Amino acid sequence: MEGLDATQLRTLAAVIGEGSFEGAARVLHVTPSAVSQRIRALEEVVGQVLVRRNRPCQATDAGQPLLRLAVQLTLLEREALAEARGAADGAAGRTRVPVVVNADSLATWFVPALARVPAELAVCFDVRQDDQDHTAELLRDGAVLAAVTAQREPVQGCRVRPLGTMRYRALAAPALVARWFPDGLTAEALADAPMLVFDRKDRVQHRFVRAVTGRDLDPPVHHVPSVPAFSEAIRCGLAWGLVPERLAEPDLAVGVCVDLDPGRHVDAPLYWQHWRLESRLLAALTDAVRAEAALALR
């Protein structure tokens, strides 16, 4: 059987990373036709369709292990080249490192973690955002090298390290509390009061409601998929919602929001999962993430 071609593997990673054949062509400095020919040749070697030609392009089940291999090879190849040249200052070109993180971590502590990575490693971070209950899926698919995730069990081929717990508190504007919760957090009030949800993967609010009432309720929901806009919607009285404690404290301190139940919160344990590679860059990123998480999380 014919072996795998490194150029074709890099092209596969570029197509999935950029989401299109045209985008891959731009970053690889070739024509879209050349990209298409390389992918077609790789598919002929494997005997399987590797790319779903959607918008964005996605790896098929057969393409996922090759995508993992492609991203890993790119990382290790650049590190080996830099070491062989006796330089770690970008002489081998900057290394693209795709990672995925939940929105609340991205809005609070994760960017300072990236800034801890030594500049001489010459990294270009490609940060994706997804719900913490779903970030490990991108790791499993091979689209990213590492993930902040709620999944404790390691994805096959990965290491997992606990980061700490992100605590959420239920916030609302005083006027909304007066209108919808005059008698406190009753099941009837929680069923009727408008609730704020980040997106359709977000179940934090629903877990809170079940913890309070012991029931699965179906309140009216507003979806606001932006961390700053989410907090602003609560301040404006649009709905109540759960906010990371670090973001909630300033609004509570000045009284623009109140805690619906000061004795209750939702804790979300977070973990760092990354591919099991002997990589200086990945080790440095892991150290940086763990150090920043130790300061920011419980």
# chains A, B, ... in the order shown; residues from 1 in each chain; ligands from 1
>>> closest_atom_pairs(of="region 69-132 of chain A", to="region 208-230 of chain A", cutoff="9 Å", atoms="only C-alpha atoms", output="CSV")
residue,atom,partner,partner_atom,distance
A:Ala103,CA,A:Val227,CA,6.9
A:Asp104,CA,A:Val227,CA,6.8
A:Ala107,CA,A:Val227,CA,6.8
>>> write_last_selection(atoms="C-alpha atoms", output="tab-separated table (two decimals), in the first residue's frame")
chain	number	residue	atom	x	y	z
A	103	ALA	CA	-16.62	31.19	26.49
A	104	ASP	CA	-16.49	32.06	30.20
A	107	ALA	CA	-13.59	35.98	28.84
>>> residues_around(residues="Leu75 (chain A)", least_positions_apart="4", cutoff="8 Å", atoms="only C-alpha atoms", output="list in words")
Val71, Glu79, Thr95, Arg96, Val97 and Ser279 of chain A
>>> select_by_dssp(residues="region 125-219 of chain A", states="strand (DSSP E)", output="PyMOL selection string")
chain A and resi 125-129+146-149+158-172+195-197
>>> select_by_dssp(residues="region 95-287 of chain A", states="alpha helix (DSSP H)", output="ChimeraX atom specification")
/A:103-108,110-116,135-141,174-180,187-192,204-213,227-235,245-254,280-287
>>> residues_around(residues="region 147-154 of chain A", least_positions_apart="5", cutoff="8 Å", atoms="only C-alpha atoms", output="list in words")
Val99, Val100, Val101, Asn102, Gln132, Asp133, His134, Thr135, Ala136, Leu139, Arg159, Val160, Pro162, Ala268, Pro269, Leu270, Tyr271, Trp272, Gln273 and His274 of chain A
>>> write_last_selection(atoms="N, CA, C and O atoms", output="PDB file, in the first residue's frame")
ATOM      1  N   VAL A  99      -6.463  25.489  19.709  1.00  0.00           N
ATOM      2  CA  VAL A  99      -6.988  25.068  21.008  1.00  0.00           C
ATOM      3  C   VAL A  99      -8.459  25.476  21.082  1.00  0.00           C
ATOM      4  O   VAL A  99      -8.908  26.365  20.348  1.00  0.00           O
ATOM      5  N   VAL A 100      -9.211  24.828  21.967  1.00  0.00           N
ATOM      6  CA  VAL A 100     -10.616  25.174  22.140  1.00  0.00           C
ATOM      7  C   VAL A 100     -10.882  25.397  23.620  1.00  0.00           C
ATOM      8  O   VAL A 100     -10.337  24.698  24.478  1.00  0.00           O
ATOM      9  N   VAL A 101     -11.729  26.384  23.921  1.00  0.00           N
ATOM     10  CA  VAL A 101     -11.975  26.793  25.299  1.00  0.00           C
ATOM     11  C   VAL A 101     -13.415  27.273  25.417  1.00  0.00           C
ATOM     12  O   VAL A 101     -14.002  27.764  24.440  1.00  0.00           O
ATOM     13  N   ASN A 102     -14.001  27.120  26.585  1.00  0.00           N
ATOM     14  CA  ASN A 102     -15.358  27.612  26.798  1.00  0.00           C
ATOM     15  C   ASN A 102     -15.368  29.133  26.902  1.00  0.00           C
ATOM     16  O   ASN A 102     -14.362  29.773  27.241  1.00  0.00           O
ATOM     17  N   GLN A 132     -18.175  24.096  27.438  1.00  0.00           N
ATOM     18  CA  GLN A 132     -17.219  23.220  28.113  1.00  0.00           C
ATOM     19  C   GLN A 132     -17.623  21.749  28.084  1.00  0.00           C
ATOM     20  O   GLN A 132     -16.779  20.857  28.215  1.00  0.00           O
ATOM     21  N   ASP A 133     -18.921  21.480  27.903  1.00  0.00           N
ATOM     22  CA  ASP A 133     -19.366  20.093  27.804  1.00  0.00           C
ATOM     23  C   ASP A 133     -19.137  19.508  26.421  1.00  0.00           C
ATOM     24  O   ASP A 133     -19.362  18.310  26.205  1.00  0.00           O
ATOM     25  N   HIS A 134     -18.694  20.348  25.472  1.00  0.00           N
ATOM     26  CA  HIS A 134     -18.541  19.888  24.089  1.00  0.00           C
ATOM     27  C   HIS A 134     -17.138  20.129  23.523  1.00  0.00           C
ATOM     28  O   HIS A 134     -16.851  19.698  22.404  1.00  0.00           O
ATOM     29  N   THR A 135     -16.267  20.837  24.272  1.00  0.00           N
ATOM     30  CA  THR A 135     -14.952  21.171  23.722  1.00  0.00           C
ATOM     31  C   THR A 135     -14.121  19.931  23.411  1.00  0.00           C
ATOM     32  O   THR A 135     -13.324  19.925  22.464  1.00  0.00           O
ATOM     33  N   ALA A 136     -14.285  18.848  24.194  1.00  0.00           N
ATOM     34  CA  ALA A 136     -13.487  17.641  23.955  1.00  0.00           C
ATOM     35  C   ALA A 136     -13.799  17.007  22.607  1.00  0.00           C
ATOM     36  O   ALA A 136     -12.995  16.236  22.085  1.00  0.00           O
ATOM     37  N   LEU A 139     -11.246  18.015  20.187  1.00  0.00           N
ATOM     38  CA  LEU A 139     -10.004  17.294  20.472  1.00  0.00           C
ATOM     39  C   LEU A 139     -10.074  15.886  19.893  1.00  0.00           C
ATOM     40  O   LEU A 139      -9.128  15.395  19.267  1.00  0.00           O
ATOM     41  N   ARG A 159      -3.728  13.402  27.448  1.00  0.00           N
ATOM     42  CA  ARG A 159      -3.553  13.521  28.888  1.00  0.00           C
ATOM     43  C   ARG A 159      -4.586  14.511  29.418  1.00  0.00           C
ATOM     44  O   ARG A 159      -4.959  15.459  28.719  1.00  0.00           O
ATOM     45  N   VAL A 160      -5.018  14.306  30.654  1.00  0.00           N
ATOM     46  CA  VAL A 160      -5.992  15.216  31.268  1.00  0.00           C
ATOM     47  C   VAL A 160      -5.461  15.668  32.619  1.00  0.00           C
ATOM     48  O   VAL A 160      -4.893  14.875  33.373  1.00  0.00           O
ATOM     49  N   PRO A 162      -6.563  18.305  36.016  1.00  0.00           N
ATOM     50  CA  PRO A 162      -7.581  19.184  36.610  1.00  0.00           C
ATOM     51  C   PRO A 162      -7.073  20.619  36.691  1.00  0.00           C
ATOM     52  O   PRO A 162      -5.903  20.862  37.010  1.00  0.00           O
ATOM     53  N   ALA A 268     -18.615  24.415  38.223  1.00  0.00           N
ATOM     54  CA  ALA A 268     -18.290  23.660  37.010  1.00  0.00           C
ATOM     55  C   ALA A 268     -16.806  23.305  37.025  1.00  0.00           C
ATOM     56  O   ALA A 268     -15.959  24.166  36.774  1.00  0.00           O
ATOM     57  N   PRO A 269     -16.461  22.053  37.337  1.00  0.00           N
ATOM     58  CA  PRO A 269     -15.044  21.641  37.286  1.00  0.00           C
ATOM     59  C   PRO A 269     -14.523  21.699  35.847  1.00  0.00           C
ATOM     60  O   PRO A 269     -15.215  21.300  34.909  1.00  0.00           O
ATOM     61  N   LEU A 270     -13.317  22.187  35.696  1.00  0.00           N
ATOM     62  CA  LEU A 270     -12.702  22.292  34.382  1.00  0.00           C
ATOM     63  C   LEU A 270     -11.405  21.492  34.345  1.00  0.00           C
ATOM     64  O   LEU A 270     -10.692  21.389  35.346  1.00  0.00           O
ATOM     65  N   TYR A 271     -11.116  20.973  33.159  1.00  0.00           N
ATOM     66  CA  TYR A 271      -9.920  20.150  32.956  1.00  0.00           C
ATOM     67  C   TYR A 271      -9.201  20.614  31.687  1.00  0.00           C
ATOM     68  O   TYR A 271      -9.810  21.183  30.782  1.00  0.00           O
ATOM     69  N   TRP A 272      -7.909  20.352  31.666  1.00  0.00           N
ATOM     70  CA  TRP A 272      -7.077  20.634  30.491  1.00  0.00           C
ATOM     71  C   TRP A 272      -6.707  19.300  29.869  1.00  0.00           C
ATOM     72  O   TRP A 272      -6.085  18.456  30.505  1.00  0.00           O
ATOM     73  N   GLN A 273      -7.157  19.091  28.645  1.00  0.00           N
ATOM     74  CA  GLN A 273      -6.795  17.884  27.919  1.00  0.00           C
ATOM     75  C   GLN A 273      -5.928  18.268  26.722  1.00  0.00           C
ATOM     76  O   GLN A 273      -6.231  19.234  26.017  1.00  0.00           O
ATOM     77  N   HIS A 274      -4.878  17.503  26.504  1.00  0.00           N
ATOM     78  CA  HIS A 274      -4.009  17.771  25.353  1.00  0.00           C
ATOM     79  C   HIS A 274      -3.459  16.457  24.834  1.00  0.00           C
ATOM     80  O   HIS A 274      -3.398  15.450  25.549  1.00  0.00           O
TER      81      HIS A 274
END
>>> residues_around(residues="Ala25 (chain A)", least_positions_apart="5", cutoff="8 Å", atoms="only C-alpha atoms", output="list in words")
Val30, Thr31, Pro32, Ala34 and Val35 of chain A
>>> write_last_selection(atoms="N, CA, C and O atoms", output="compact mmCIF listing (two decimals), in the first residue's frame")
# COMPACT_ATOMS: atom_id res chain seq x y z
N VAL A 30 -0.81 28.14 -2.81
CA VAL A 30 -1.02 27.36 -4.03
C VAL A 30 -2.41 27.68 -4.55
O VAL A 30 -3.16 28.46 -3.95
N THR A 31 -2.79 27.10 -5.66
CA THR A 31 -4.12 27.33 -6.22
C THR A 31 -5.14 26.41 -5.56
O THR A 31 -4.79 25.31 -5.07
N PRO A 32 -6.43 26.79 -5.56
CA PRO A 32 -7.46 25.87 -5.06
C PRO A 32 -7.47 24.55 -5.82
O PRO A 32 -7.77 23.51 -5.24
N ALA A 34 -4.84 22.97 -6.93
CA ALA A 34 -3.77 22.14 -6.36
C ALA A 34 -4.22 21.53 -5.03
O ALA A 34 -3.91 20.37 -4.74
N VAL A 35 -4.93 22.32 -4.23
CA VAL A 35 -5.46 21.80 -2.97
C VAL A 35 -6.40 20.63 -3.24
O VAL A 35 -6.32 19.57 -2.61
>>> residues_around(residues="Val256 (chain A)", least_positions_apart="4", cutoff="8 Å", atoms="only C-alpha atoms", output="VMD selection string")
chain A and resid 173 to 174 235 251 to 252
>>> residues_around(residues="region 52-55 of chain A", least_positions_apart="2", cutoff="9 Å", atoms="only C-alpha atoms", output="list in words")
Gly19, Ser20, Phe21, Val49, Leu50, Cys57, Gln58, Ala59 and Thr60 of chain A
>>> residues_around(residues="region 287-296 of chain A", least_positions_apart="2", cutoff="6 Å", atoms="only C-alpha atoms", output="list in words")
Ala113, Arg116, Leu163, Ala284 and Leu285 of chain A
>>> atom_distance(atom1="CA of Tyr168 (chain A)", atom2="CA of Val254 (chain A)")
18.3 Å
>>> closest_residue(among="A:Leu247, A:Ile39, A:Val127, A:Ala143", to="Leu67 (chain A)", atoms="only C-alpha atoms")
A:Ala143
>>> closest_residue(among="A:Arg140, A:Arg85, A:His29, A:Arg207", to="Gly63 (chain A)", atoms="only C-alpha atoms")
A:Arg140
